[in-house]
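Participant: Have a look at this one.
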Amino acid sequence: MRRFAPGLAITLVSAAVLGYAVDWTKVGEVLRGANLKYVALAVAFLLLSTAAKTVRWRLLLPDTTVASVPRLYRIVHVSYLLNNVFPARLGDVARVSMASHLRGLRVGHVVSSLLTERVTDVVTLIVCFAVVSPFLPLPDEYLRWLHLAWWTLGLLAATVLAAAALHRPIARLATVSRLFERLPLPGWARDEAESFRDGWRQLFTRTHVLRIWSWSALAWLGAFAINYMLMRALEIRAPMTVAVLLTCTTNLAMLVPSSPSYVGVFHAAATISLLPFDVNASRALSFAILAHLTNVLPVSLLGAAFLLWGRDRMSFNFQAVWGRQPDEAAGLDGETGAEATAPR
């Protein structure tokens, strides 16, 4: 319980500050007046964005594995459900478990694919913010915060570029895998290290790199469209650049430890991000509440449906996975389907 205390404390503080700062009667009025047509469009963009992220995930996995996009789409939604219900990002653990039971996949493949997902997401958000930030209609008193954000993102970009420039030397260091043969490690540890290296290489494969970044861009364009539609639903007259800013700040806020589904920190980030654009606190919090529900409820309901459907095995017994050969996963998973290759 102690490990979850900081996140719970941050959630409670965020909720308390918001509860004190806004007029909840006005919040209710704004939410009741939401244009459901735009909310429905936002949900549609959410599902399309999730589909694009799933295709990108498939490209980050080995081509030879039996892992179709529809199958991975189900796994993604189940992981979202668990992340929204349980603490400590249990959904990510379940995602590794379910995917590693597919034939041709190891835990190392799946973990490296999740890490490369984070890399592409961070880079995409940095680039998008850098592009739109000069066009944000910010009052003069907020410009210093914009400049601080530029410096911060510049340092992050330099770090990412350095990592990209050094990926070949890092890849050469992967020959250290030969050392594993000399170390008294079990065979499964050497196999997982090798699979992790192979998974990381997918991001830099020439046949995949353009498609990976293209699908990543499409996924985030969908995320920007979600926030823009929800602003229109609540009659917040702000340009698309503000929707991009909202996407960046709320996603960065979700890196902060908090309760399941990021209650509190998400709402605080979204509310604060709208205040400089002549949006009052009550309407800004109304947007935060509506955006949170839109991003959490549809994927959670789909995840629950897929979980009850029972087509995907979820087990946290990783010893059974570590101790097998990749081709034995079909026996654990119960699938004997045809080979599925990466989308072209």
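As shown in the structure tokens, the chain order sets the letters A, B, ...; within each chain, residues go from 1, and ligands are also counted from 1 in the order they appear.
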Residues within 10 Å of Ala94 of chain A, please, as a list in words. Count only C-alpha atoms; anything in the same chain fewer than 2 positions from it doesn't count.

Facilitator: Ile75, Val76, Val78, Ser79, Tyr80, Leu82, Asn83, Arg89, Leu90, Gly91, Asp92, Val96, Ser97, Met98, Ala99, Ser100, Arg313, Met314, Ser315 and Phe316 of chain A

Participant: Residues within 7 Å of segment 130-146 of chain A, please, as a PyMOL selection string. Count only C-alpha atoms; anything in the same chain fewer than 5 positions from it doesn't count.

Facilitator: chain A and resi 241-242+276-277

Participant: Go ahead and dump the residues you just picked, N, CA and C atoms, as a PDB file, in the first residue's frame.

Facilitator:
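Result file is again21.pdb:
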ATOM      1  N   THR A 241      -4.166  24.624 -32.493  1.00  0.00           N
ATOM      2  CA  THR A 241      -2.894  24.666 -31.768  1.00  0.00           C
ATOM      3  C   THR A 241      -3.100  24.451 -30.273  1.00  0.00           C
ATOM      4  N   VAL A 242      -4.217  24.926 -29.740  1.00  0.00           N
ATOM      5  CA  VAL A 242      -4.510  24.721 -28.317  1.00  0.00           C
ATOM      6  C   VAL A 242      -4.829  23.249 -28.056  1.00  0.00           C
ATOM      7  N   PRO A 276      -4.960  30.168 -19.820  1.00  0.00           N
ATOM      8  CA  PRO A 276      -4.370  31.323 -20.519  1.00  0.00           C
ATOM      9  C   PRO A 276      -5.121  31.754 -21.778  1.00  0.00           C
ATOM     10  N   PHE A 277      -6.060  30.967 -22.249  1.00  0.00           N
ATOM     11  CA  PHE A 277      -6.730  31.259 -23.520  1.00  0.00           C
ATOM     12  C   PHE A 277      -8.144  31.801 -23.300  1.00  0.00           C
TER      13      PHE A 277
END

Participant: What does the distance from atom CA of Phe306 of chain A to atom CA of Pro70 of chain A come to in Å, to one decimal?

Facilitator: 11.2 Å

Participant: Leaving out segment 45-61 of chain A and any residue of its chain fewer than 5 positions from it, which residues lie within 9 Å of it when counting only C-alpha atoms, given as an MDAnalysis selection string?

Facilitator: chainID A and resid 40 67:70 72:73 76:77 105 109:110 112:114 116:117 198:203 208:209 211:223 225:226 294:295 298:299 341:343

Participant: Could you turn the residues from that selection into a file that holds C-alpha atoms, as a compact mmCIF listing (two decimals), in the first residue's frame?

Facilitator:
# COMPACT_ATOMS: atom_id res chain seq x y z
CA ALA A 40 -19.40 11.22 -30.75
CA ALA A 67 0.24 -11.51 -34.10
CA SER A 68 -2.52 -10.04 -36.22
CA VAL A 69 -3.56 -6.40 -35.79
CA PRO A 70 -7.11 -7.34 -34.60
CA LEU A 72 -3.24 -6.89 -30.75
CA TYR A 73 -6.12 -4.37 -30.83
CA VAL A 76 -4.37 -3.03 -26.17
CA HIS A 77 -7.93 -2.41 -24.95
CA LEU A 105 7.13 -13.72 -29.33
CA HIS A 109 10.26 -8.67 -27.85
CA VAL A 110 7.18 -7.21 -26.18
CA SER A 112 11.32 -3.60 -26.19
CA SER A 113 8.30 -2.79 -28.37
CA LEU A 114 6.65 -0.93 -25.48
CA THR A 116 10.18 2.00 -28.46
CA GLU A 117 6.53 3.08 -28.42
CA ASP A 198 15.97 -7.85 -31.77
CA GLY A 199 12.84 -5.95 -30.73
CA TRP A 200 14.74 -2.68 -30.27
CA ARG A 201 16.22 -3.03 -33.75
CA GLN A 202 12.71 -2.88 -35.28
CA LEU A 203 12.60 0.88 -34.70
CA HIS A 208 9.80 -0.30 -41.05
CA VAL A 209 11.06 3.09 -39.91
CA ARG A 211 5.77 3.28 -41.58
CA ILE A 212 6.37 3.31 -37.82
CA TRP A 213 6.71 7.08 -37.70
CA SER A 214 3.83 7.58 -40.14
CA TRP A 215 1.43 5.52 -38.04
CA SER A 216 2.68 7.33 -34.95
CA ALA A 217 1.90 10.68 -36.56
CA LEU A 218 -1.59 9.48 -37.56
CA ALA A 219 -2.25 8.27 -34.02
CA TRP A 220 -1.36 11.64 -32.54
CA LEU A 221 -3.28 13.58 -35.17
CA GLY A 222 -6.28 11.59 -33.99
CA ALA A 223 -5.49 12.57 -30.40
CA ALA A 225 -8.68 15.89 -33.13
CA ILE A 226 -10.24 14.42 -29.97
CA THR A 294 -14.11 10.31 -23.39
CA ASN A 295 -10.61 8.85 -23.18
CA PRO A 298 -14.96 3.76 -24.45
CA VAL A 299 -11.64 1.90 -24.28
CA THR A 341 3.14 -10.74 -40.95
CA ALA A 342 3.61 -7.06 -40.26
CA PRO A 343 1.19 -4.77 -42.12

Participant: Work out how far atom CA of Leu245 of chain A is from atom CA of Ile272 of chain A, in Å to one decimal.

Facilitator: 11.2 Å
